[in-house]
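Visitor: Contents of run-v3.tsv (TSV, C-alpha atoms):
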chain	number	residue	atom	x	y	z
P	1	MET	CA	86.76	127.54	120.63
P	2	ARG	CA	84.86	126.06	117.69
P	3	THR	CA	83.43	128.64	115.32
P	4	LEU	CA	80.19	128.11	113.44
P	5	ALA	CA	79.08	129.98	110.34
P	6	LEU	CA	75.29	129.96	110.47
P	7	VAL	CA	74.09	130.90	106.98
P	8	VAL	CA	70.45	131.96	107.05
P	9	CYS	CA	68.20	132.23	104.00
P	10	ALA	CA	64.79	133.86	103.55
P	11	ALA	CA	62.15	131.52	104.95
P	12	LEU	CA	59.67	131.80	107.78
P	13	SER	CA	61.71	129.58	110.12
P	14	ALA	CA	64.60	132.07	109.89
P	15	GLY	CA	62.64	134.19	112.35
P	16	GLN	CA	63.45	131.67	115.08
P	17	VAL	CA	67.11	131.04	114.24
P	18	GLN	CA	68.14	132.65	117.54
P	19	ASP	CA	66.98	129.42	119.20
P	20	LEU	CA	69.60	127.47	117.22
P	21	VAL	CA	72.19	130.11	118.12
P	22	GLY	CA	71.47	129.56	121.82
P	23	LEU	CA	71.69	125.77	121.56
P	24	ALA	CA	74.95	125.97	119.64
P	25	GLN	CA	76.43	128.37	122.19
P	26	GLU	CA	75.44	126.03	125.02
P	27	ASP	CA	77.39	123.36	123.13
P	28	GLY	CA	80.51	125.55	123.02
P	29	TRP	CA	80.22	127.11	119.56
P	30	ASP	CA	81.15	130.70	118.77
P	31	VAL	CA	78.36	131.48	116.30
P	32	TRP	CA	78.55	133.98	113.44
P	33	VAL	CA	75.31	134.64	111.56
P	34	ILE	CA	75.65	135.24	107.82
P	35	ALA	CA	72.35	136.19	106.20
P	36	THR	CA	71.21	136.53	102.63
P	37	PRO	CA	69.82	140.00	101.96
P	38	ASN	CA	66.28	138.59	101.70
P	39	ALA	CA	66.67	136.81	105.05
P	40	CYS	CA	67.03	140.17	106.77
P	41	SER	CA	63.28	140.69	106.65
P	42	PHE	CA	62.80	137.47	108.65
P	43	ILE	CA	65.53	137.72	111.30
P	44	ASP	CA	66.02	139.98	114.29
P	45	GLN	CA	69.48	141.41	113.55
P	46	PRO	CA	69.87	143.36	116.82
P	47	LEU	CA	68.95	140.28	118.85
P	48	LEU	CA	71.32	138.02	116.90
P	49	THR	CA	74.12	140.58	117.26
P	50	ALA	CA	73.52	140.78	121.00
P	51	LEU	CA	73.42	136.99	121.38
P	52	THR	CA	76.52	136.25	119.32
P	53	GLY	CA	78.60	139.32	120.08
P	54	HIS	CA	79.17	139.64	116.32
P	55	PRO	CA	77.35	141.71	113.72
P	56	VAL	CA	75.07	139.84	111.36
P	57	VAL	CA	77.08	139.62	108.14
P	58	VAL	CA	75.08	140.40	105.00
P	59	SER	CA	77.67	141.85	102.64
P	60	ALA	CA	81.42	142.00	102.25
P	61	THR	CA	82.66	143.93	105.23
P	62	GLU	CA	85.71	145.34	106.90
P	63	ILE	CA	85.20	142.78	109.66
P	64	SER	CA	87.60	139.90	109.37
P	65	LEU	CA	85.75	136.61	109.52
P	66	PRO	CA	87.36	133.84	111.57
P	67	HIS	CA	88.38	130.43	110.31
P	68	PHE	CA	85.14	128.48	110.68
P	69	THR	CA	85.15	124.98	112.12
P	70	ALA	CA	81.82	124.21	110.44
P	71	ALA	CA	79.03	125.86	108.49
P	72	VAL	CA	75.30	125.25	108.69
P	73	VAL	CA	72.90	126.57	106.07
P	74	VAL	CA	69.39	126.73	107.55
P	75	PRO	CA	66.83	127.30	106.31
P	76	ALA	CA	68.40	126.54	102.93
P	77	THR	CA	65.91	127.82	100.39
P	78	PHE	CA	65.40	126.48	96.88
P	79	ASN	CA	66.72	129.72	95.39
P	80	THR	CA	69.96	129.59	97.39
P	81	LEU	CA	70.45	125.85	96.82
P	82	ARG	CA	69.95	126.17	93.05
P	83	LYS	CA	72.31	129.14	92.71
P	84	TRP	CA	74.92	127.57	95.01
P	85	SER	CA	74.89	124.28	93.10
P	86	GLN	CA	75.26	126.15	89.79
P	87	GLY	CA	78.08	128.40	90.98
P	88	VAL	CA	76.09	131.64	91.00
P	89	ALA	CA	77.41	134.11	93.58
P	90	ASP	CA	74.96	137.01	93.66
P	91	THR	CA	75.04	137.49	97.44
P	92	TYR	CA	77.88	137.54	99.93
P	93	ALA	CA	76.49	134.41	101.59
P	94	LEU	CA	76.64	132.56	98.27
P	95	THR	CA	80.15	133.88	97.61
P	96	LEU	CA	81.28	132.42	100.94
P	97	LEU	CA	79.46	129.12	100.37
P	98	LEU	CA	81.00	128.72	96.92
P	99	ASP	CA	84.48	129.49	98.27
P	100	TRP	CA	84.12	127.03	101.14
P	101	THR	CA	82.72	124.34	98.84
P	102	ARG	CA	85.57	124.75	96.37
P	103	ARG	CA	88.17	124.58	99.14
P	104	GLY	CA	86.43	121.69	100.91
P	105	ALA	CA	86.54	123.55	104.22
P	106	PRO	CA	84.86	124.04	106.55
P	107	PRO	CA	82.51	121.05	106.56
P	108	ILE	CA	79.09	122.30	105.43
P	109	LEU	CA	75.66	121.05	106.44
P	110	ALA	CA	72.64	122.22	104.44
P	111	PHE	CA	69.05	121.82	105.63
P	112	PRO	CA	66.75	122.52	102.65
P	113	ARG	CA	63.30	123.97	103.21
P	114	ALA	CA	60.98	123.72	100.23
P	115	SER	CA	57.25	123.62	99.75
P	116	ALA	CA	55.85	120.49	98.10
P	117	GLU	CA	55.49	122.50	94.90
P	118	LEU	CA	59.12	123.69	94.90
P	119	ALA	CA	60.40	120.23	95.85
P	120	GLN	CA	58.81	118.97	92.59
P	121	ASP	CA	60.64	121.57	90.49
P	122	SER	CA	62.90	119.94	87.91
P	123	GLU	CA	65.95	121.73	89.41
P	124	PHE	CA	65.39	120.85	93.08
P	125	ALA	CA	66.68	117.26	93.30
P	126	PRO	CA	69.56	117.86	90.85
P	127	SER	CA	70.65	120.88	92.93
P	128	LEU	CA	70.80	118.72	96.06
P	129	ASP	CA	72.68	116.02	94.15
P	130	ARG	CA	75.24	118.52	92.78
P	131	LEU	CA	75.88	119.89	96.26
P	132	ARG	CA	76.32	116.39	97.68
P	133	TRP	CA	78.74	115.59	94.85
P	134	GLN	CA	80.68	118.74	95.78
P	135	GLY	CA	81.05	117.49	99.37
P	136	VAL	CA	78.19	119.30	101.10
P	137	THR	CA	76.23	117.24	103.61
P	138	VAL	CA	72.61	117.80	102.59
P	139	TYR	CA	69.98	116.67	105.07
P	140	TYR	CA	66.58	116.55	103.41
P	141	ARG	CA	64.04	114.23	105.04
P	142	PRO	CA	60.55	115.73	104.69
P	143	ASP	CA	59.17	112.23	105.30
P	144	LEU	CA	60.56	112.44	108.85
P	145	TYR	CA	60.08	116.19	109.31
P	146	PRO	CA	56.95	117.20	107.42
P	147	PRO	CA	55.82	119.23	105.70
P	148	ASN	CA	59.04	120.69	104.28
P	149	ASN	CA	61.99	119.32	106.25
P	150	ASN	CA	60.97	121.23	109.36
P	151	LEU	CA	63.65	119.86	111.70
P	152	PRO	CA	63.73	120.90	115.33
P	153	TRP	CA	66.75	123.09	116.11
P	154	SER	CA	67.98	120.46	118.59
P	155	ARG	CA	68.07	117.84	115.82
P	156	ILE	CA	70.12	120.17	113.61
P	157	LEU	CA	72.63	120.54	116.44
P	158	GLU	CA	72.78	116.74	116.88
P	159	ILE	CA	73.55	116.32	113.19
P	160	LEU	CA	76.21	119.03	113.43
P	161	GLN	CA	77.80	117.27	116.40
P	162	ALA	CA	78.00	114.04	114.38
P	163	LEU	CA	79.59	115.72	111.36
P	164	PRO	CA	83.15	114.46	110.80
P	165	ASN	CA	85.78	117.12	111.58
P	166	ALA	CA	83.21	119.59	112.94
P	167	ASN	CA	84.43	119.21	116.49
P	168	ASN	CA	88.03	119.85	115.51
P	169	GLY	CA	89.27	117.37	118.07
P	170	GLN	CA	87.21	118.90	120.87
P	171	PRO	CA	84.53	117.03	122.75
P	172	SER	CA	81.02	118.30	122.14
Rewrite the structure from the file as structure tokens, please.
Guide:
Amino acid sequence: MRTLALVVCAALSAGQVQDLVGLAQEDGWDVWVIATPNACSFIDQPLLTALTGHPVVVSATEISLPHFTAAVVVPATFNTLRKWSQGVADTYALTLLLDWTRRGAPPILAFPRASAELAQDSEFAPSLDRLRWQGVTVYYRPDLYPPNNNLPWSRILEILQALPNANNGQPS
């Protein structure tokens, strides 16, 4: 079975991430939710644990994480994107993202969410560029998904399905 690391950051849309979990499971993914500490105030941890059959991972744990086929970071907040692109690992989620980026595996998709004000910050575009240069697939199209790259969960799954190597030789 394909395993998906779903890294969730602190933004309003994180409160509905269980909808993406359901779509991914219907597509044959074994989903593991990895949340930043600040995301915990937005997500329903008991619901996500019940849906996935795995605890929501927030900090280093005794639980052995599987080899992930792919990783999706959504919503990817400005704070997480900036720290990730600069190599700052002050949360377990960032530690994992930095490790995966350095190893080049699993393939990582990031879906930034930023207000118009944050998107104009002098560090926003360079952070996205640095992550792209490091091999992360960054999907940021607020022109198509206004106001702040508010993609439907189904579109995120379509992009994941099209990601090279994400299907690990298995049909989606």
Visitor: Rounded to one decimal place, report the CA of Leu128 in chain P-CA of Phe111 in chain P distance in Å.
Guide: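 Separating CA of Leu128 in chain P from CA of Phe111 in chain P is a distance of 10.2 Å.
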Visitor: Give as a PyMOL selection string every residue, naming chains and numbers as the document does, that has an atom within 12 Å of (67.5, 131.1, 96.1), counting all atoms listed in the file.
Guide: chain P and resi 8-11+36-39+75-86+88-91+93-94+112-114+118+123-124+127
Visitor: Limited to C-alpha atoms, could you put the picked residues into a file as a tab-separated table (two decimals), keeping the file's coordinate frame?
Guide:
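Dumped to result.tsv:
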chain	number	residue	atom	x	y	z
P	8	VAL	CA	70.45	131.96	107.05
P	9	CYS	CA	68.20	132.23	104.00
P	10	ALA	CA	64.79	133.86	103.55
P	11	ALA	CA	62.15	131.52	104.95
P	36	THR	CA	71.21	136.53	102.63
P	37	PRO	CA	69.82	140.00	101.96
P	38	ASN	CA	66.28	138.59	101.70
P	39	ALA	CA	66.67	136.81	105.05
P	75	PRO	CA	66.83	127.30	106.31
P	76	ALA	CA	68.40	126.54	102.93
P	77	THR	CA	65.91	127.82	100.39
P	78	PHE	CA	65.40	126.48	96.88
P	79	ASN	CA	66.72	129.72	95.39
P	80	THR	CA	69.96	129.59	97.39
P	81	LEU	CA	70.45	125.85	96.82
P	82	ARG	CA	69.95	126.17	93.05
P	83	LYS	CA	72.31	129.14	92.71
P	84	TRP	CA	74.92	127.57	95.01
P	85	SER	CA	74.89	124.28	93.10
P	86	GLN	CA	75.26	126.15	89.79
P	88	VAL	CA	76.09	131.64	91.00
P	89	ALA	CA	77.41	134.11	93.58
P	90	ASP	CA	74.96	137.01	93.66
P	91	THR	CA	75.04	137.49	97.44
P	93	ALA	CA	76.49	134.41	101.59
P	94	LEU	CA	76.64	132.56	98.27
P	112	PRO	CA	66.75	122.52	102.65
P	113	ARG	CA	63.30	123.97	103.21
P	114	ALA	CA	60.98	123.72	100.23
P	118	LEU	CA	59.12	123.69	94.90
P	123	GLU	CA	65.95	121.73	89.41
P	124	PHE	CA	65.39	120.85	93.08
P	127	SER	CA	70.65	120.88	92.93
Visitor: Go through P:Tyr139, P:Ala70, P:Pro106, P:Leu6 one by one, measure the shortest atom-to-atom distance of each to Val58 in chain P using only C-alpha atoms, and give the residue with the smallest value.
Guide: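 Counting only C-alpha atoms, the residue closest to Val58 in chain P is P:Leu6.
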Visitor: Tell me, in Å to one decimal, how far CA of Leu4 in chain P is from CA of Ser41 in chain P.
Guide: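 CA of Ser41 in chain P lies at a distance of 22.1 Å from CA of Leu4 in chain P.
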Visitor: Measure the distance from CA of Leu20 in chain P to CA of Ala5 in chain P in Å and round it to one decimal.
Guide: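 Atom-to-atom, CA of Leu20 in chain P to CA of Ala5 in chain P, that is 12.0 Å.
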Visitor: Write out as a ChimeraX atom specification the residues lying within 12 Å of Thr61 in chain P, counting all atoms listed in the file and excluding same-chain residues fewer than 6 positions away.
Guide: /P:34,55,92-93
Visitor: Take the residues that were just selected and, keeping C-alpha atoms, output them as a short mmCIF file (atom, residue, chain, number, x, y, z; two decimals), in the frame of the given file.
Guide:
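So the final result, stored in again17.cif, reads:
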data_model
loop_
_atom_site.label_atom_id
_atom_site.label_comp_id
_atom_site.auth_asym_id
_atom_site.auth_seq_id
_atom_site.Cartn_x
_atom_site.Cartn_y
_atom_site.Cartn_z
CA ILE P 34 75.65 135.24 107.82
CA PRO P 55 77.35 141.71 113.72
CA TYR P 92 77.88 137.54 99.93
CA ALA P 93 76.49 134.41 101.59
#
Visitor: Would you please work out which residue, of P:His54, P:Ala116, P:Gln16, P:Leu131, is nearest to Gly87 in chain P when using only C-alpha atoms?
Guide: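 Among the listed residues, P:Leu131 lies closest to Gly87 in chain P.
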Visitor: Give as a list in words the set of residues within 6 Å of the point (77.4, 126.9, 107.0), where distances use the file's coordinates and all atoms listed in the file.
Guide: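 Residues lying no farther than 6 Å from the given point: Ala5, Leu6, Val7, Ala71, Val72, Val73 and Ile108 of chain P.
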Visitor: Need the shell around Leu151 in chain P: protein/DNA/RNA residues with any atom at most 9 Å away, counting all atoms listed in the file. Skip same-chain ones fewer than 5 positions apart. Format as a list of chain:residue names?
Guide: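 Surrounding residues, per the criterion: P:Phe111, P:Arg141, P:Pro142, P:Leu144, P:Tyr145, P:Pro146, P:Ile156.
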Visitor: Taking C-alpha atoms for each residue, export the selection above as a JSON list (two decimals), in the coordinates of the input.
Guide:
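Result went into again.json, see below:
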[["chain", "number", "residue", "atom", "x", "y", "z"],
["P", 111, "PHE", "CA", 69.05, 121.82, 105.63],
["P", 141, "ARG", "CA", 64.04, 114.23, 105.04],
["P", 142, "PRO", "CA", 60.55, 115.73, 104.69],
["P", 144, "LEU", "CA", 60.56, 112.44, 108.85],
["P", 145, "TYR", "CA", 60.08, 116.19, 109.31],
["P", 146, "PRO", "CA", 56.95, 117.20, 107.42],
["P", 156, "ILE", "CA", 70.12, 120.17, 113.61]]
Visitor: So, counting all atoms listed in the file, which residue among P:Met1, P:Ala60, P:Leu65, P:Leu23 is closest to Leu160 in chain P?
Guide: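 Distance minimum relative to Leu160 in chain P lands on P:Leu23.
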Visitor: Find the spatial neighbours of Gln18 in chain P, counting all atoms listed in the file, within a cut-off of 10 Å - ignore same-chain residues fewer than 5 positions away - and output them as a PDB file with C-alpha atoms, in the coordinates of the input.
Guide:
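Contents of part.pdb, freshly written:
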ATOM      1  CA  LEU P  23      71.690 125.770 121.560  1.00  0.00           C
ATOM      2  CA  ALA P  24      74.950 125.970 119.640  1.00  0.00           C
ATOM      3  CA  VAL P  33      75.310 134.640 111.560  1.00  0.00           C
ATOM      4  CA  ILE P  43      65.530 137.720 111.300  1.00  0.00           C
ATOM      5  CA  ASP P  44      66.020 139.980 114.290  1.00  0.00           C
ATOM      6  CA  GLN P  45      69.480 141.410 113.550  1.00  0.00           C
ATOM      7  CA  LEU P  47      68.950 140.280 118.850  1.00  0.00           C
ATOM      8  CA  LEU P  48      71.320 138.020 116.900  1.00  0.00           C
ATOM      9  CA  THR P  49      74.120 140.580 117.260  1.00  0.00           C
ATOM     10  CA  LEU P  51      73.420 136.990 121.380  1.00  0.00           C
ATOM     11  CA  THR P  52      76.520 136.250 119.320  1.00  0.00           C
ATOM     12  CA  TRP P 153      66.750 123.090 116.110  1.00  0.00           C
TER      13      TRP P 153
END
Visitor: Between P:Val31, P:Leu109, P:Val138, P:Ala50, which residue has the minimum interatomic distance to Gln161 in chain P, considering all atoms listed in the file?
Guide: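 Closest to Gln161 in chain P, using all atoms listed in the file: P:Leu109.
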Visitor: When distances are computed from all atoms listed in the file, which of P:Pro66, P:Gly28, P:Pro152, P:Pro147 shows the smallest separation from Arg2 in chain P?
Guide: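 Among the listed residues, P:Gly28 lies closest to Arg2 in chain P.
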